[in-house]
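Participant: One structure, pasted below without further comment.
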Amino acid sequence: MQTFIKNLASLVDQEVEIKAWLYNKRSSGPIAFLELRDGTGWVQAVAAKSDLSATVWEDVEKATQESSVVILGKVAKHPKKENVFELQVKDFKIIQLAQEYPIAHKEHGPDFLMENRHLWLRSKKQWAILRVRDSIITAIGEYLHKELFIKVDSPVFTPNACEGTTTLFPVPYFDLGTAYLSQSGQLYIEAAIASVGRCYDFGPVFRAEKSKTKRHLTEFWMMDAEAAFVEHEENLKIQEGLVRYIIRYCLNNCQEELRILERNTEPLEKADNPFTRYTYDEAIKKLNELGSDIKYGEDLGNDDEGILTKDSEVPVFIEKWPKSIKPFYMKRDSVNPDLVLNDDLIAIEGAGEIIGGSQREDDYDLLLSRIKAEGLNIEDYQWYLDLRKYGSVPHAGFGIGLERMVRWVTGVEHIRECIPFPRTIGRLKP
Ligand code: ATP
């Protein structure tokens, strides 16, 4: 019966069968050290010529990097390292003898690695990133369910824009003309809250962003959450709670992964403290004091986000932005109607914006006037306006970019490593 490497600690002195890939091999005369990986972890297997038949030893010698193998071995504690286990090989079979593997254990350039992304995914760091990504997804689902949100999916083909018309990907759609790939499922989950109260979606969204940065993809995964009867203040609390939960979850469950990634976890530990809050107005003043030439009414660039969070030990909320630079659906601040009740959450360590959220305009007439002022086609948004006709309630929500969160937690520099198969302006393959 197949045993998984992750479970070896509880099987010391027992004989087990491992199905794996050969990650690396070192031989020293009649002993071979085989580094194996089976997806759940890594283990060293020690094969001694004297313990094996001639044909089995021949296979050990023949096995190449990435060959798939079945090994029978006895689990033993590592002679020197605490909590490390190894296998003493009793039998060894090759399932498929791999051809010469293109990604050798040496430095390769990013273009070569991206061209070979389908193979690169098997390397240790990429394995660790995939697992952290999975943990973040799990943490998000756990936290939201605890807060009584349920998952309600939104469509990918949409008839209209959610986040501005300049970053839409059009797709020919039969006799109905043009569909657009979703930029965010927000508008749809706003409809669903009137049924289930609190919900979220989680899926790929698409932005025809021309930005060639280390934190923009054209296809990325977003979790949009939306809650009825939640206003601006509580919206921020839910976001803060979520980010804290994700970080704590990863610190507790991804120790090996973060070690492989050589991540200094000290800054992540600080996320247990309350997050900092600036209004947009305060943020601009602070940025000017710190030397940025940003003007009131402009969006914060990557550099500004860096300057603002440079000395912060916790993520920073920037709330209440000018209405003129934010989407039509955000609710006006009753104290100053030129502002909206929104927030961007900027992570520390140069990770940049991870969340955008807002209370939504729930008044029919005000929403209609914003749609008109933006020059949007009212017919396209009639269904969305309907939500303000039948039992409209104060409500708020936010979107968190999964890869941005993966990038922060793992400390990886480029977002292209935070998704299995990245799509950017210059990359559509593999
Ligand atoms: P940015 O200013 O960084 O381009 P945005 O203001 O366009 O982001 P929102 O529309 O608020 O972002 O989207 C919500 C979240 O989705 C962001 O906070 C971020 O985590 C993520 N996100 C947005 N655009 C991208 C992208 N092109 N690639 C990866 N993640 C993104």
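We label chains A, B, ... in the order they appear in the structure tokens, count residues from 1 in each chain, and number ligands from 1 in the order shown.
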For Thr309 in chain A, find every residue with an atom within 10 Å (counting only C-alpha atoms), except residues of its own chain fewer than 3 positions away, and show them as a PyMOL selection string.

Facilitator: chain A and resi 276+304-306+312-316+346-352

Participant: Residues as selected, all heavy atoms, written as a compact mmCIF listing (two decimals), in the first residue's frame, can you do that?

Facilitator:
```txt
# COMPACT_ATOMS: atom_id res chain seq x y z
N THR A 276 -2.77 49.91 10.86
CA THR A 276 -2.78 51.38 10.84
C THR A 276 -3.89 51.86 9.90
O THR A 276 -4.24 51.16 8.95
CB THR A 276 -1.41 51.89 10.32
OG1 THR A 276 -0.41 51.33 11.14
CG2 THR A 276 -1.33 53.40 10.35
N ASP A 304 4.57 55.21 -3.99
CA ASP A 304 3.89 55.87 -2.88
C ASP A 304 3.49 54.84 -1.82
O ASP A 304 3.64 55.08 -0.62
CB ASP A 304 2.63 56.59 -3.37
CG ASP A 304 2.99 57.74 -4.30
OD1 ASP A 304 3.89 58.51 -3.94
OD2 ASP A 304 2.39 57.84 -5.38
N GLU A 305 2.98 53.69 -2.28
CA GLU A 305 2.59 52.65 -1.32
C GLU A 305 3.81 52.20 -0.51
O GLU A 305 3.73 51.97 0.70
CB GLU A 305 1.99 51.45 -2.05
CG GLU A 305 0.62 51.77 -2.64
CD GLU A 305 0.02 50.61 -3.45
OE1 GLU A 305 0.67 49.55 -3.60
OE2 GLU A 305 -1.10 50.79 -3.95
N GLY A 306 4.94 52.12 -1.18
CA GLY A 306 6.19 51.72 -0.51
C GLY A 306 6.60 52.75 0.53
O GLY A 306 6.95 52.40 1.66
N SER A 312 6.19 50.96 8.67
CA SER A 312 5.06 50.36 9.37
C SER A 312 5.30 48.87 9.63
O SER A 312 5.83 48.16 8.77
CB SER A 312 3.78 50.54 8.53
OG SER A 312 2.70 50.01 9.24
N GLU A 313 4.92 48.43 10.79
CA GLU A 313 5.08 47.00 11.11
C GLU A 313 3.81 46.24 10.77
O GLU A 313 3.77 45.01 10.87
CB GLU A 313 5.36 46.85 12.61
CG GLU A 313 6.74 47.37 12.99
CD GLU A 313 7.17 46.88 14.35
OE1 GLU A 313 6.30 46.62 15.19
OE2 GLU A 313 8.39 46.75 14.55
N VAL A 314 2.74 46.96 10.45
CA VAL A 314 1.46 46.31 10.13
C VAL A 314 0.90 46.89 8.84
O VAL A 314 1.29 48.00 8.44
CB VAL A 314 0.42 46.54 11.27
CG1 VAL A 314 0.76 45.75 12.51
CG2 VAL A 314 0.27 48.02 11.59
N PRO A 315 -0.01 46.17 8.17
CA PRO A 315 -0.62 46.72 6.96
C PRO A 315 -1.35 48.04 7.24
O PRO A 315 -1.75 48.31 8.37
CB PRO A 315 -1.60 45.62 6.55
CG PRO A 315 -1.05 44.38 7.12
CD PRO A 315 -0.42 44.79 8.42
N VAL A 316 -1.51 48.84 6.19
CA VAL A 316 -2.07 50.18 6.35
C VAL A 316 -3.33 50.32 5.50
O VAL A 316 -3.32 50.05 4.30
CB VAL A 316 -1.02 51.23 5.88
CG1 VAL A 316 -1.61 52.63 5.89
CG2 VAL A 316 0.23 51.17 6.76
N ILE A 346 -2.95 48.26 2.21
CA ILE A 346 -1.59 48.13 1.67
C ILE A 346 -0.76 47.27 2.63
O ILE A 346 -0.66 47.60 3.82
CB ILE A 346 -0.89 49.52 1.54
CG1 ILE A 346 -1.85 50.58 1.01
CG2 ILE A 346 0.38 49.43 0.70
CD1 ILE A 346 -2.33 50.38 -0.38
N ALA A 347 -0.21 46.20 2.09
CA ALA A 347 0.61 45.31 2.94
C ALA A 347 2.00 45.92 3.15
O ALA A 347 2.38 46.85 2.44
CB ALA A 347 0.73 43.94 2.28
N ILE A 348 2.72 45.37 4.10
CA ILE A 348 4.08 45.89 4.38
C ILE A 348 5.11 45.16 3.52
O ILE A 348 4.74 44.35 2.67
CB ILE A 348 4.42 45.73 5.88
CG1 ILE A 348 4.16 44.28 6.33
CG2 ILE A 348 3.62 46.71 6.72
CD1 ILE A 348 4.72 43.95 7.70
N GLU A 349 6.38 45.47 3.74
CA GLU A 349 7.51 44.83 3.05
C GLU A 349 7.46 45.00 1.53
O GLU A 349 7.87 44.12 0.78
CB GLU A 349 7.58 43.33 3.39
CG GLU A 349 7.68 43.04 4.89
CD GLU A 349 7.75 41.56 5.15
OE1 GLU A 349 6.67 40.93 5.23
OE2 GLU A 349 8.85 41.05 5.28
N GLY A 350 6.86 46.13 1.10
CA GLY A 350 6.81 46.41 -0.34
C GLY A 350 5.82 45.55 -1.10
O GLY A 350 5.82 45.52 -2.33
N ALA A 351 4.95 44.83 -0.40
CA ALA A 351 4.02 43.91 -1.09
C ALA A 351 2.89 44.66 -1.78
O ALA A 351 2.23 44.12 -2.67
CB ALA A 351 3.46 42.89 -0.10
N GLY A 352 2.63 45.91 -1.41
CA GLY A 352 1.63 46.73 -2.11
C GLY A 352 0.20 46.39 -1.73
O GLY A 352 -0.06 45.69 -0.75
```

Participant: Please report, as CSV, each residue of chain A lying at most 8 Å from ligand 1, together with the nearest pair of atoms and the separation in Å rounded to one decimal; use only C-alpha atoms and all ligand atoms, and order rows by chain and ascending residue number.

Facilitator:
```
residue,atom,partner,partner_atom_place_in_ligand_line,distance
A:Glu163,CA,ligand 1,10 (O),6.1
A:Gln183,CA,ligand 1,10 (O),7.9
A:Ser184,CA,ligand 1,13 (O),7.7
A:Phe206,CA,ligand 1,27 (N),7.7
A:Arg207,CA,ligand 1,27 (N),5.9
A:Ala208,CA,ligand 1,27 (N),7.9
A:Glu209,CA,ligand 1,27 (N),6.0
A:Ser211,CA,ligand 1,27 (N),7.6
A:Arg215,CA,ligand 1,29 (C),5.8
A:His216,CA,ligand 1,28 (N),3.5
A:Leu217,CA,ligand 1,28 (N),3.9
A:Thr218,CA,ligand 1,27 (N),5.4
A:Glu219,CA,ligand 1,28 (N),6.8
A:Phe220,CA,ligand 1,29 (C),5.3
A:Trp221,CA,ligand 1,30 (N),7.4
A:Met222,CA,ligand 1,16 (O),6.0
A:Asp299,CA,ligand 1,2 (O),7.9
A:Leu300,CA,ligand 1,2 (O),7.6
A:Gly301,CA,ligand 1,2 (O),7.4
A:Asn302,CA,ligand 1,3 (O),7.7
A:Asp344,CA,ligand 1,18 (O),6.7
A:Leu345,CA,ligand 1,18 (O),7.1
A:Gly352,CA,ligand 1,3 (O),7.1
A:Glu353,CA,ligand 1,18 (O),4.9
A:Ile354,CA,ligand 1,20 (O),3.6
A:Ile355,CA,ligand 1,18 (O),3.5
A:Gly356,CA,ligand 1,11 (O),3.7
A:Gly357,CA,ligand 1,11 (O),6.6
A:Phe398,CA,ligand 1,14 (C),7.3
A:Gly399,CA,ligand 1,14 (C),4.6
A:Ile400,CA,ligand 1,15 (C),4.7
A:Gly401,CA,ligand 1,20 (O),3.3
A:Leu402,CA,ligand 1,20 (O),6.7
A:Glu403,CA,ligand 1,29 (C),6.2
A:Arg404,CA,ligand 1,20 (O),5.3
A:Met405,CA,ligand 1,20 (O),7.1
A:Ile415,CA,ligand 1,29 (C),7.6
```

Participant: Going by DSSP on the backbone, which residues of range 279-347 of chain A come out as strand (DSSP E)? List them as a PDB file with N, CA and C atoms, in the first residue's frame.

Facilitator:
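File produced: out_29.pdb:
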```
ATOM      1  N   THR A 279      -6.800  58.360   6.509  1.00  0.00           N
ATOM      2  CA  THR A 279      -7.734  58.750   5.457  1.00  0.00           C
ATOM      3  C   THR A 279      -6.870  59.050   4.231  1.00  0.00           C
ATOM      4  N   VAL A 316      -1.508  48.838   6.195  1.00  0.00           N
ATOM      5  CA  VAL A 316      -2.070  50.181   6.349  1.00  0.00           C
ATOM      6  C   VAL A 316      -3.334  50.322   5.501  1.00  0.00           C
ATOM      7  N   PHE A 317      -4.416  50.728   6.156  1.00  0.00           N
ATOM      8  CA  PHE A 317      -5.644  51.055   5.418  1.00  0.00           C
ATOM      9  C   PHE A 317      -5.583  52.510   4.961  1.00  0.00           C
ATOM     10  N   ILE A 318      -5.979  52.762   3.724  1.00  0.00           N
ATOM     11  CA  ILE A 318      -6.204  54.146   3.287  1.00  0.00           C
ATOM     12  C   ILE A 318      -7.690  54.232   2.943  1.00  0.00           C
ATOM     13  N   GLU A 319      -8.409  55.042   3.706  1.00  0.00           N
ATOM     14  CA  GLU A 319      -9.870  55.055   3.557  1.00  0.00           C
ATOM     15  C   GLU A 319     -10.367  56.421   3.083  1.00  0.00           C
ATOM     16  N   ASN A 342     -14.687  54.026   1.167  1.00  0.00           N
ATOM     17  CA  ASN A 342     -13.940  52.871   0.637  1.00  0.00           C
ATOM     18  C   ASN A 342     -12.612  52.715   1.372  1.00  0.00           C
ATOM     19  N   ASP A 343     -11.884  51.685   1.011  1.00  0.00           N
ATOM     20  CA  ASP A 343     -10.540  51.503   1.560  1.00  0.00           C
ATOM     21  C   ASP A 343      -9.679  50.689   0.622  1.00  0.00           C
ATOM     22  N   ASP A 344      -8.394  50.978   0.633  1.00  0.00           N
ATOM     23  CA  ASP A 344      -7.387  50.094   0.030  1.00  0.00           C
ATOM     24  C   ASP A 344      -6.554  49.619   1.205  1.00  0.00           C
ATOM     25  N   LEU A 345      -6.193  48.346   1.210  1.00  0.00           N
ATOM     26  CA  LEU A 345      -5.317  47.851   2.278  1.00  0.00           C
ATOM     27  C   LEU A 345      -3.949  47.564   1.671  1.00  0.00           C
ATOM     28  N   ILE A 346      -2.948  48.265   2.207  1.00  0.00           N
ATOM     29  CA  ILE A 346      -1.588  48.129   1.675  1.00  0.00           C
ATOM     30  C   ILE A 346      -0.765  47.271   2.634  1.00  0.00           C
ATOM     31  N   ALA A 347      -0.206  46.197   2.093  1.00  0.00           N
ATOM     32  CA  ALA A 347       0.612  45.307   2.937  1.00  0.00           C
ATOM     33  C   ALA A 347       1.999  45.921   3.148  1.00  0.00           C
TER      34      ALA A 347
END
```

Participant: If we count only C-alpha atoms, what is near Phe149 in chain A at a cut-off of 9 Å, once residues fewer than 4 positions away on the same chain are taken out, given as number ranges by chain?

Facilitator: A: 141, 143-145, 196-200, 225-227

Participant: With C-alpha atoms retained, write the just-selected residues as a JSON list (two decimals), in the first residue's frame.

Facilitator:
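Just written: part-v3.json:
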```
[["chain", "number", "residue", "atom", "x", "y", "z"],
["A", 141, "GLY", "CA", -12.80, 29.80, 3.30],
["A", 143, "TYR", "CA", -12.52, 32.55, 8.18],
["A", 144, "LEU", "CA", -15.45, 33.54, 6.03],
["A", 145, "HIS", "CA", -17.53, 30.53, 7.02],
["A", 196, "VAL", "CA", -28.08, 34.57, 1.65],
["A", 197, "GLY", "CA", -27.04, 37.64, 3.65],
["A", 198, "ARG", "CA", -23.28, 37.20, 3.46],
["A", 199, "CYS", "CA", -21.41, 35.56, 0.62],
["A", 200, "TYR", "CA", -18.21, 35.39, -1.36],
["A", 225, "ALA", "CA", -16.85, 39.12, -0.20],
["A", 226, "GLU", "CA", -20.10, 41.00, 0.33],
["A", 227, "ALA", "CA", -22.33, 41.41, 3.38]]
```

Participant: Lys214 in chain A: which residues within 8 Å, counting only C-alpha atoms, same-chain residues fewer than 3 positions away excluded, as a ChimeraX atom specification?

Facilitator: /A:413-416

Participant: Could you turn the residues from that selection into a file that holds N, CA, C and O atoms, as a PDB file, in the first residue's frame?

Facilitator:
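The result, written out as part37.pdb:
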```
ATOM      1  N   GLU A 413       9.555  37.691  -5.062  1.00  0.00           N
ATOM      2  CA  GLU A 413       9.613  39.048  -5.605  1.00  0.00           C
ATOM      3  C   GLU A 413       8.585  39.290  -6.705  1.00  0.00           C
ATOM      4  O   GLU A 413       7.958  40.343  -6.765  1.00  0.00           O
ATOM      5  N   HIS A 414       8.394  38.307  -7.577  1.00  0.00           N
ATOM      6  CA  HIS A 414       7.550  38.541  -8.760  1.00  0.00           C
ATOM      7  C   HIS A 414       6.256  37.737  -8.685  1.00  0.00           C
ATOM      8  O   HIS A 414       6.282  36.539  -8.415  1.00  0.00           O
ATOM      9  N   ILE A 415       5.165  38.404  -9.001  1.00  0.00           N
ATOM     10  CA  ILE A 415       3.841  37.769  -8.913  1.00  0.00           C
ATOM     11  C   ILE A 415       3.692  36.579  -9.869  1.00  0.00           C
ATOM     12  O   ILE A 415       2.866  35.697  -9.641  1.00  0.00           O
ATOM     13  N   ARG A 416       4.532  36.539 -10.916  1.00  0.00           N
ATOM     14  CA  ARG A 416       4.390  35.435 -11.889  1.00  0.00           C
ATOM     15  C   ARG A 416       4.669  34.078 -11.240  1.00  0.00           C
ATOM     16  O   ARG A 416       4.265  33.046 -11.768  1.00  0.00           O
TER      17      ARG A 416
END
```

Participant: Can you tell me, as a PyMOL selection string, which residues in range 142-189 of chain A count as helix (DSSP H, G or I) by DSSP?

Facilitator: chain A and resi 142-146+165-167+174-176+186-189

Participant: Can you pull out the residues contacting Lys25 in chain A? Cut-off 9 Å, using only C-alpha atoms, and skip same-chain residues under 3 positions away; I want them as a list in words.

Facilitator: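 Returned residues: Leu22, Ala32, Phe33, Leu34, Glu35, Leu36, Ala63, Thr64 and Gln65 of chain A.
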
Participant: If you measure from CA of Tyr296 in chain A to CA of Ile284 in chain A, what distance in Å do you get, rounded to one decimal?

Facilitator: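 Distance reported for this atom pair: 6.4 Å.
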
Participant: Take CA of Gln2 in chain A and CA of Thr40 in chain A and report the distance between them in Å, one decimal.

Facilitator: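 Distance reported for this atom pair: 12.4 Å.
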
Participant: Using only C-alpha atoms, which residues sit within 12 Å of Thr55 in chain A once same-chain residues fewer than 5 positions away are excluded, as a list in words?

Facilitator: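 Listing them by chain and then by number gives Lys49, Val60, Glu61, Lys62, Asp91, Phe92, Lys93 and Ile94 of chain A.
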
Participant: For Asn160 in chain A, list every protein, DNA or RNA residue within 9 Å, evaluated using only C-alpha atoms, and leave out those in the same chain fewer than 3 positions away; present the list as a list in words.

Facilitator: Thr165, Leu168, Ala179, Tyr180, Ser182, Asn377, Asp380 and Tyr381 of chain A

Participant: Could you check which of A:Trp383, A:Trp408, A:Tyr173, A:Trp321 is closest to Leu268 in chain A, using only C-alpha atoms?

Facilitator: A:Trp408

Participant: Quick one, how far is CA of Gln382 in chain A from CA of Ile325 in chain A?

Facilitator: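 These two atoms are separated by 23.2 Å.
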
Participant: Of the candidates A:Lys270, A:His395, A:Arg26, A:Gly109, which shows the shortest atom-to-atom distance to Gln186 in chain A, using only C-alpha atoms?

Facilitator: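 Closest to Gln186 in chain A of all the choices is A:His395.
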
Participant: Given the choices A:Glu257, A:Asp153, A:Glu240, A:Asp13, which gets closest to Val409 in chain A if the distance is worked out from only C-alpha atoms?

Facilitator: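 The shortest atom-to-atom distance to Val409 in chain A comes from A:Glu257.
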
Participant: Find, counting only C-alpha atoms, the residue in A:Lys125, A:Ser50, A:Ser10, A:Glu417 that gets nearest to Arg259 in chain A.

Facilitator: A:Lys125
